[in-house]
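The structure file run-v2.json is reproduced below (JSON, C-alpha atoms).
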[["chain", "number", "residue", "atom", "x", "y", "z"],
["A", 1, "MET", "CA", 5.06, 20.73, -40.83],
["A", 2, "SER", "CA", 3.54, 22.25, -37.70],
["A", 3, "ASN", "CA", 2.13, 19.88, -35.07],
["A", 4, "SER", "CA", -0.19, 22.53, -33.70],
["A", 5, "THR", "CA", -3.38, 24.33, -34.64],
["A", 6, "SER", "CA", -4.48, 27.85, -33.86],
["A", 7, "ASP", "CA", -7.74, 28.77, -32.20],
["A", 8, "GLU", "CA", -9.81, 31.88, -32.85],
["A", 9, "HIS", "CA", -7.56, 33.83, -30.51],
["A", 10, "GLY", "CA", -4.41, 32.93, -32.38],
["A", 11, "HIS", "CA", -3.12, 30.57, -29.69],
["A", 12, "ASP", "CA", -1.33, 27.43, -30.76],
["A", 13, "HIS", "CA", -2.54, 24.08, -29.43],
["A", 14, "PRO", "CA", -0.88, 20.72, -30.11],
["A", 15, "LYS", "CA", -2.78, 18.21, -32.20],
["A", 16, "HIS", "CA", -3.74, 15.05, -30.34],
["A", 17, "GLU", "CA", -4.11, 12.01, -32.55],
["A", 18, "LEU", "CA", -6.72, 9.61, -31.17],
["A", 19, "SER", "CA", -5.47, 6.13, -30.37],
["A", 20, "HIS", "CA", -6.90, 3.10, -32.15],
["A", 21, "HIS", "CA", -8.99, 2.22, -29.09],
["A", 22, "ALA", "CA", -10.29, 5.77, -28.71],
["A", 23, "LYS", "CA", -11.34, 5.85, -32.37],
["A", 24, "ARG", "CA", -13.12, 2.55, -31.89],
["A", 25, "ILE", "CA", -15.00, 3.84, -28.84],
["A", 26, "TYR", "CA", -16.17, 6.94, -30.73],
["A", 27, "ALA", "CA", -17.24, 4.80, -33.68],
["A", 28, "ILE", "CA", -19.27, 2.51, -31.39],
["A", 29, "ARG", "CA", -20.79, 5.55, -29.70],
["A", 30, "ALA", "CA", -21.83, 7.02, -33.06],
["A", 31, "LEU", "CA", -23.33, 3.69, -34.15],
["A", 32, "LEU", "CA", -25.35, 3.31, -30.93],
["A", 33, "VAL", "CA", -26.72, 6.84, -31.32],
["A", 34, "GLU", "CA", -27.52, 6.23, -34.99],
["A", 35, "LYS", "CA", -29.39, 3.00, -34.16],
["A", 36, "GLY", "CA", -31.35, 4.73, -31.41],
["A", 37, "VAL", "CA", -29.95, 2.54, -28.63],
["A", 38, "ILE", "CA", -28.85, 5.64, -26.71],
["A", 39, "THR", "CA", -29.06, 9.37, -27.25],
["A", 40, "GLU", "CA", -26.51, 12.13, -26.93],
["A", 41, "LYS", "CA", -28.48, 13.32, -23.90],
["A", 42, "ASP", "CA", -28.09, 9.87, -22.28],
["A", 43, "ILE", "CA", -24.34, 10.07, -22.80],
["A", 44, "GLN", "CA", -24.11, 13.59, -21.39],
["A", 45, "CYS", "CA", -26.17, 12.63, -18.35],
["A", 46, "GLN", "CA", -23.87, 9.70, -17.68],
["A", 47, "ILE", "CA", -20.79, 11.93, -18.03],
["A", 48, "GLU", "CA", -22.27, 14.42, -15.56],
["A", 49, "TYR", "CA", -23.13, 11.58, -13.18],
["A", 50, "GLN", "CA", -19.59, 10.24, -13.28],
["A", 51, "GLU", "CA", -18.09, 13.69, -12.76],
["A", 52, "ALA", "CA", -20.39, 14.32, -9.78],
["A", 53, "ARG", "CA", -18.88, 11.36, -7.94],
["A", 54, "SER", "CA", -16.05, 12.81, -5.90],
["A", 55, "PRO", "CA", -14.63, 12.83, -2.37],
["A", 56, "ALA", "CA", -16.97, 15.75, -1.70],
["A", 57, "ASN", "CA", -19.77, 13.18, -1.36],
["A", 58, "GLY", "CA", -17.92, 11.35, 1.38],
["A", 59, "ALA", "CA", -16.99, 14.61, 3.08],
["A", 60, "LYS", "CA", -20.66, 15.60, 3.27],
["A", 61, "LEU", "CA", -21.52, 12.27, 4.90],
["A", 62, "VAL", "CA", -18.71, 12.52, 7.43],
["A", 63, "ALA", "CA", -19.54, 16.12, 8.33],
["A", 64, "ARG", "CA", -23.20, 15.23, 8.88],
["A", 65, "ALA", "CA", -22.19, 12.28, 11.07],
["A", 66, "TRP", "CA", -20.00, 14.57, 13.16],
["A", 67, "VAL", "CA", -22.84, 16.97, 13.97],
["A", 68, "ASP", "CA", -25.82, 14.59, 14.04],
["A", 69, "PRO", "CA", -25.49, 11.51, 16.33],
["A", 70, "ALA", "CA", -28.74, 10.02, 15.00],
["A", 71, "PHE", "CA", -27.51, 10.27, 11.41],
["A", 72, "LYS", "CA", -24.16, 8.81, 12.45],
["A", 73, "ALA", "CA", -25.94, 5.77, 13.91],
["A", 74, "ARG", "CA", -27.93, 5.34, 10.68],
["A", 75, "PHE", "CA", -24.80, 5.84, 8.58],
["A", 76, "ILE", "CA", -23.02, 3.04, 10.42],
["A", 77, "ALA", "CA", -26.04, 0.72, 10.54],
["A", 78, "ASP", "CA", -27.25, 1.22, 6.95],
["A", 79, "PRO", "CA", -24.75, 3.27, 4.91],
["A", 80, "LYS", "CA", -26.61, 3.12, 1.62],
["A", 81, "ALA", "CA", -29.84, 4.37, 3.17],
["A", 82, "ALA", "CA", -27.93, 7.19, 4.87],
["A", 83, "CYS", "CA", -26.37, 8.09, 1.52],
["A", 84, "ALA", "CA", -29.82, 8.26, -0.03],
["A", 85, "GLU", "CA", -30.86, 10.71, 2.70],
["A", 86, "MET", "CA", -28.07, 12.99, 1.50],
["A", 87, "GLY", "CA", -29.00, 12.59, -2.17],
["A", 88, "ILE", "CA", -26.02, 10.33, -2.88],
["A", 89, "ASP", "CA", -26.64, 7.21, -4.97],
["A", 90, "ALA", "CA", -24.69, 4.28, -3.50],
["A", 91, "THR", "CA", -26.91, 1.54, -4.92],
["A", 92, "ALA", "CA", -24.09, 0.34, -7.22],
["A", 93, "ILE", "CA", -22.17, -0.88, -4.17],
["A", 94, "ASN", "CA", -23.14, -4.41, -3.14],
["A", 95, "GLU", "CA", -22.16, -4.13, 0.52],
["A", 96, "PHE", "CA", -21.00, -0.87, 2.05],
["A", 97, "VAL", "CA", -19.32, -0.75, 5.47],
["A", 98, "VAL", "CA", -18.50, 2.31, 7.58],
["A", 99, "LEU", "CA", -15.42, 1.98, 9.81],
["A", 100, "GLU", "CA", -15.43, 4.40, 12.72],
["A", 101, "ASN", "CA", -12.09, 5.58, 14.06],
["A", 102, "THR", "CA", -11.82, 6.03, 17.81],
["A", 103, "GLU", "CA", -9.22, 7.38, 20.17],
["A", 104, "ARG", "CA", -7.60, 3.94, 20.43],
["A", 105, "LEU", "CA", -8.46, 2.40, 17.06],
["A", 106, "ARG", "CA", -7.68, 3.43, 13.49],
["A", 107, "HIS", "CA", -8.90, 1.78, 10.32],
["A", 108, "MET", "CA", -7.14, 1.67, 6.96],
["A", 109, "VAL", "CA", -8.57, 0.46, 3.64],
["A", 110, "VAL", "CA", -6.79, -1.34, 0.82],
["A", 111, "CYS", "CA", -7.66, -3.61, -2.08],
["A", 112, "THR", "CA", -4.91, -6.20, -2.26],
["A", 113, "LEU", "CA", -6.10, -7.73, -5.54],
["A", 114, "CYS", "CA", -6.80, -4.68, -7.67],
["A", 115, "SER", "CA", -8.42, -1.33, -6.86],
["A", 116, "CYS", "CA", -11.92, -1.97, -5.49],
["A", 117, "TYR", "CA", -13.09, 1.37, -4.15],
["A", 118, "PRO", "CA", -16.38, 3.12, -3.20],
["A", 119, "ARG", "CA", -16.46, 5.30, -6.31],
["A", 120, "PRO", "CA", -19.96, 6.75, -5.78],
["A", 121, "ILE", "CA", -18.71, 8.11, -2.45],
["A", 122, "LEU", "CA", -15.06, 8.95, -3.13],
["A", 123, "GLY", "CA", -14.83, 9.27, -6.91],
["A", 124, "ARG", "CA", -11.88, 7.77, -8.76],
["A", 125, "PRO", "CA", -9.22, 6.05, -6.66],
["A", 126, "PRO", "CA", -5.83, 7.80, -6.52],
["A", 127, "ASP", "CA", -2.97, 6.20, -8.44],
["A", 128, "TRP", "CA", -1.12, 5.30, -5.25],
["A", 129, "TYR", "CA", -4.13, 3.31, -4.00],
["A", 130, "LYS", "CA", -3.92, 1.13, -7.11],
["A", 131, "SER", "CA", -0.15, 0.65, -6.92],
["A", 132, "PHE", "CA", 1.35, -2.73, -6.01],
["A", 133, "ASN", "CA", 3.55, -1.00, -3.44],
["A", 134, "TYR", "CA", 0.56, 0.30, -1.46],
["A", 135, "ARG", "CA", -1.45, -2.91, -1.85],
["A", 136, "GLN", "CA", 1.41, -4.97, -0.48],
["A", 137, "ARG", "CA", 2.83, -2.70, 2.21],
["A", 138, "SER", "CA", -0.54, -1.71, 3.68],
["A", 139, "VAL", "CA", -0.94, -5.25, 4.94],
["A", 140, "ILE", "CA", 2.67, -5.78, 6.00],
["A", 141, "ASP", "CA", 3.45, -2.37, 7.49],
["A", 142, "PRO", "CA", 0.34, -0.18, 7.77],
["A", 143, "ARG", "CA", 1.94, 2.10, 10.36],
["A", 144, "GLY", "CA", 4.89, 2.68, 8.06],
["A", 145, "VAL", "CA", 2.56, 3.61, 5.21],
["A", 146, "MET", "CA", 0.60, 5.99, 7.45],
["A", 147, "SER", "CA", 3.85, 7.57, 8.59],
["A", 148, "GLU", "CA", 4.80, 8.27, 4.98],
["A", 149, "PHE", "CA", 1.52, 10.15, 4.62],
["A", 150, "GLY", "CA", 2.41, 12.16, 7.74],
["A", 151, "LEU", "CA", 0.36, 10.23, 10.29],
["A", 152, "ASP", "CA", 2.48, 8.91, 13.19],
["A", 153, "LEU", "CA", 0.43, 6.95, 15.69],
["A", 154, "ALA", "CA", 1.29, 6.09, 19.28],
["A", 155, "ASN", "CA", 2.15, 2.45, 19.92],
["A", 156, "ASP", "CA", -0.97, 1.94, 22.05],
["A", 157, "ILE", "CA", -3.30, 2.78, 19.15],
["A", 158, "GLU", "CA", -4.54, -0.31, 17.31],
["A", 159, "VAL", "CA", -4.50, -0.30, 13.50],
["A", 160, "ARG", "CA", -6.85, -2.54, 11.54],
["A", 161, "VAL", "CA", -6.48, -3.04, 7.79],
["A", 162, "HIS", "CA", -9.59, -3.87, 5.75],
["A", 163, "ASP", "CA", -9.35, -5.50, 2.33],
["A", 164, "SER", "CA", -11.96, -4.29, -0.16],
["A", 165, "THR", "CA", -13.44, -6.75, -2.63],
["A", 166, "ALA", "CA", -15.85, -6.67, -5.53],
["A", 167, "ASP", "CA", -18.63, -7.29, -3.01],
["A", 168, "ILE", "CA", -17.59, -5.15, -0.05],
["A", 169, "ARG", "CA", -16.44, -1.52, -0.06],
["A", 170, "TYR", "CA", -15.36, 0.51, 2.95],
["A", 171, "ILE", "CA", -15.17, 4.12, 4.04],
["A", 172, "VAL", "CA", -13.41, 5.32, 7.18],
["A", 173, "LEU", "CA", -15.34, 7.67, 9.45],
["A", 174, "PRO", "CA", -12.46, 9.73, 10.88],
["A", 175, "ARG", "CA", -12.53, 11.44, 14.24],
["A", 176, "ARG", "CA", -13.73, 15.01, 14.34],
["A", 177, "PRO", "CA", -10.82, 17.45, 14.73],
["A", 178, "LYS", "CA", -10.51, 19.25, 18.03],
["A", 179, "GLY", "CA", -11.50, 22.89, 18.15],
["A", 180, "THR", "CA", -14.40, 22.56, 15.72],
["A", 181, "GLU", "CA", -17.24, 22.91, 18.20],
["A", 182, "GLY", "CA", -20.01, 25.00, 16.69],
["A", 183, "TRP", "CA", -18.70, 24.69, 13.14],
["A", 184, "SER", "CA", -21.19, 24.32, 10.30],
["A", 185, "GLU", "CA", -21.38, 21.14, 8.22],
["A", 186, "THR", "CA", -20.04, 23.05, 5.24],
["A", 187, "ASP", "CA", -16.94, 24.17, 7.12],
["A", 188, "LEU", "CA", -16.43, 20.74, 8.67],
["A", 189, "ALA", "CA", -16.63, 19.06, 5.27],
["A", 190, "LYS", "CA", -13.66, 21.17, 4.13],
["A", 191, "LEU", "CA", -11.52, 19.38, 6.73],
["A", 192, "VAL", "CA", -12.44, 15.91, 5.45],
["A", 193, "THR", "CA", -9.97, 14.66, 2.87],
["A", 194, "ARG", "CA", -10.14, 11.66, 0.57],
["A", 195, "ASP", "CA", -7.08, 10.20, 2.30],
["A", 196, "SER", "CA", -8.72, 10.49, 5.73],
["A", 197, "MET", "CA", -11.66, 8.44, 4.42],
["A", 198, "ILE", "CA", -9.24, 5.77, 3.16],
["A", 199, "GLY", "CA", -7.59, 5.90, 6.57],
["A", 200, "VAL", "CA", -3.99, 6.79, 5.77],
["A", 201, "MET", "CA", -4.36, 10.25, 7.32],
["A", 202, "ASP", "CA", -6.44, 12.19, 9.82],
["A", 203, "PRO", "CA", -8.70, 15.03, 8.66],
["A", 204, "LEU", "CA", -7.16, 18.46, 8.36],
["A", 205, "PRO", "CA", -6.75, 20.24, 11.72],
["A", 206, "ALA", "CA", -9.04, 23.11, 12.66],
["A", 207, "ILE", "CA", -5.95, 25.32, 12.92],
["A", 208, "PRO", "CA", -3.06, 24.46, 10.55],
["A", 209, "GLU", "CA", -0.13, 23.09, 12.49]]
Turn the structure described in the file into structure tokens.
Amino acid sequence: MSNSTSDEHGHDHPKHELSHHAKRIYAIRALLVEKGVITEKDIQCQIEYQEARSPANGAKLVARAWVDPAFKARFIADPKAACAEMGIDATAINEFVVLENTERLRHMVVCTLCSCYPRPILGRPPDWYKSFNYRQRSVIDPRGVMSEFGLDLANDIEVRVHDSTADIRYIVLPRRPKGTEGWSETDLAKLVTRDSMIGVMDPLPAIPE
């Protein structure tokens, strides 16, 4: 017996049997729609909202902070209000803290208990962020972890590790790369990576090394 089906173009695709839990979720969804508790439109809107949450949100905030000192001050003083200015909904975060990197200070974020993470700003956390290895070693040997990501810091640069909780979420405001004077926010945002906003790396260089 074949384990695949053919589409209208004649291409074979494997059949994917839903798990027990997946079937249960779909059954509950159908029941809620049938009872009028939610609508299919509500579900689709929520899916689109979840998919819109990505590191691109954080990159937009960082790029604006790089070019606008007044916005940067507001972003550090009241991150959620600054997010609202940019059309980003961060109200789900209880307390949101911006950690600014400097020439002599670097910040790094971890959640030692689980995987607390500013999802409205950075989307879903990467698998390595949730791993026990990262959660343990980030506290014990943050420089070693950074080095594995390709970031080797001089000994005179201080590294501070911040532990996220259910109440407090962090984002690192990395330093603006050299050679980007006069760049647009759009181009600057392309240099801001998810990992640089967690603090394990710097942003991408203006000119690839």
I want to know what sits within 12 Å of A:Ile93, based on all atoms listed in the file, with residues of the same chain fewer than 3 positions away left out; could you give that as a PDB file with C-alpha atoms, in the coordinates of the input?
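Here's the written file selection.pdb:
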ATOM      1  CA  PRO A  79     -24.750   3.270   4.910  1.00  0.00           C
ATOM      2  CA  LYS A  80     -26.610   3.120   1.620  1.00  0.00           C
ATOM      3  CA  ALA A  81     -29.840   4.370   3.170  1.00  0.00           C
ATOM      4  CA  CYS A  83     -26.370   8.090   1.520  1.00  0.00           C
ATOM      5  CA  ILE A  88     -26.020  10.330  -2.880  1.00  0.00           C
ATOM      6  CA  ASP A  89     -26.640   7.210  -4.970  1.00  0.00           C
ATOM      7  CA  ALA A  90     -24.690   4.280  -3.500  1.00  0.00           C
ATOM      8  CA  PHE A  96     -21.000  -0.870   2.050  1.00  0.00           C
ATOM      9  CA  VAL A  97     -19.320  -0.750   5.470  1.00  0.00           C
ATOM     10  CA  CYS A 116     -11.920  -1.970  -5.490  1.00  0.00           C
ATOM     11  CA  TYR A 117     -13.090   1.370  -4.150  1.00  0.00           C
ATOM     12  CA  PRO A 118     -16.380   3.120  -3.200  1.00  0.00           C
ATOM     13  CA  ARG A 119     -16.460   5.300  -6.310  1.00  0.00           C
ATOM     14  CA  PRO A 120     -19.960   6.750  -5.780  1.00  0.00           C
ATOM     15  CA  ILE A 121     -18.710   8.110  -2.450  1.00  0.00           C
ATOM     16  CA  SER A 164     -11.960  -4.290  -0.160  1.00  0.00           C
ATOM     17  CA  THR A 165     -13.440  -6.750  -2.630  1.00  0.00           C
ATOM     18  CA  ALA A 166     -15.850  -6.670  -5.530  1.00  0.00           C
ATOM     19  CA  ASP A 167     -18.630  -7.290  -3.010  1.00  0.00           C
ATOM     20  CA  ILE A 168     -17.590  -5.150  -0.050  1.00  0.00           C
ATOM     21  CA  ARG A 169     -16.440  -1.520  -0.060  1.00  0.00           C
ATOM     22  CA  TYR A 170     -15.360   0.510   2.950  1.00  0.00           C
ATOM     23  CA  ILE A 171     -15.170   4.120   4.040  1.00  0.00           C
TER      24      ILE A 171
END
Original post:
Could you work out how far atom CA of A:Val192 lies from atom CA of A:Leu122, giving the answer in Å with one decimal?
Top reply: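 These atoms are spaced 11.4 Å apart.
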Original post:
Please, what distance in Å, to one decimal, runs between atom CA of A:Pro125 and atom CA of A:Thr193?
Top reply: 12.9 Å
**OP:** Choose the residue, out of A:Arg124, A:Lys72, A:Lys190, A:Arg160, that has the smallest atom-to-atom separation from A:Val98; count only C-alpha atoms.
**Re:**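 Answer, going by the shortest atom-to-atom distance: A:Lys72.
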Original post:
Between atom CA of A:Ser115 and atom CA of A:Pro203, what is the distance, to one decimal in Å?
Top reply: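 According to the coordinates, atom CA of A:Ser115 and atom CA of A:Pro203 are separated by 22.6 Å.
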Subject >> Among the residues A:Thr112, A:Thr102, A:Thr180, A:Asn57, the one that comes closest to A:Arg137 [using all atoms listed in the file] >> reply: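 Looking only at the distances to A:Arg137, the closest residue turns out to be A:Thr112.
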Neighbour list for A:Arg176 as a JSON list (two decimals) with C-alpha atoms, in the coordinates of the input, cut-off 12 Å, only C-alpha atoms, skip fewer than 3 positions in-chain:
[["chain", "number", "residue", "atom", "x", "y", "z"],
["A", 59, "ALA", "CA", -16.99, 14.61, 3.08],
["A", 62, "VAL", "CA", -18.71, 12.52, 7.43],
["A", 63, "ALA", "CA", -19.54, 16.12, 8.33],
["A", 64, "ARG", "CA", -23.20, 15.23, 8.88],
["A", 65, "ALA", "CA", -22.19, 12.28, 11.07],
["A", 66, "TRP", "CA", -20.00, 14.57, 13.16],
["A", 67, "VAL", "CA", -22.84, 16.97, 13.97],
["A", 100, "GLU", "CA", -15.43, 4.40, 12.72],
["A", 101, "ASN", "CA", -12.09, 5.58, 14.06],
["A", 102, "THR", "CA", -11.82, 6.03, 17.81],
["A", 103, "GLU", "CA", -9.22, 7.38, 20.17],
["A", 173, "LEU", "CA", -15.34, 7.67, 9.45],
["A", 179, "GLY", "CA", -11.50, 22.89, 18.15],
["A", 180, "THR", "CA", -14.40, 22.56, 15.72],
["A", 181, "GLU", "CA", -17.24, 22.91, 18.20],
["A", 183, "TRP", "CA", -18.70, 24.69, 13.14],
["A", 185, "GLU", "CA", -21.38, 21.14, 8.22],
["A", 188, "LEU", "CA", -16.43, 20.74, 8.67],
["A", 189, "ALA", "CA", -16.63, 19.06, 5.27],
["A", 190, "LYS", "CA", -13.66, 21.17, 4.13],
["A", 191, "LEU", "CA", -11.52, 19.38, 6.73],
["A", 192, "VAL", "CA", -12.44, 15.91, 5.45],
["A", 196, "SER", "CA", -8.72, 10.49, 5.73],
["A", 202, "ASP", "CA", -6.44, 12.19, 9.82],
["A", 203, "PRO", "CA", -8.70, 15.03, 8.66],
["A", 204, "LEU", "CA", -7.16, 18.46, 8.36],
["A", 205, "PRO", "CA", -6.75, 20.24, 11.72],
["A", 206, "ALA", "CA", -9.04, 23.11, 12.66]]
Subject >> Which of A:Lys35, A:Leu99, A:Asn94, A:Asp156 sits closest to A:Phe75 [using all atoms listed in the file] >> reply: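 The closest residue to A:Phe75 is A:Leu99.
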Would you give the centre and edge lengths, in Å to one decimal, of a box along x, y and z around the listed atoms of stretch 77-83 of chain A, with 5 Å added to each side, as lines of an AutoDock Vina configuration file?
center_x = -27.3
center_y = 4.4
center_z = 6.0
size_x = 15.1
size_y = 17.4
size_z = 19.0
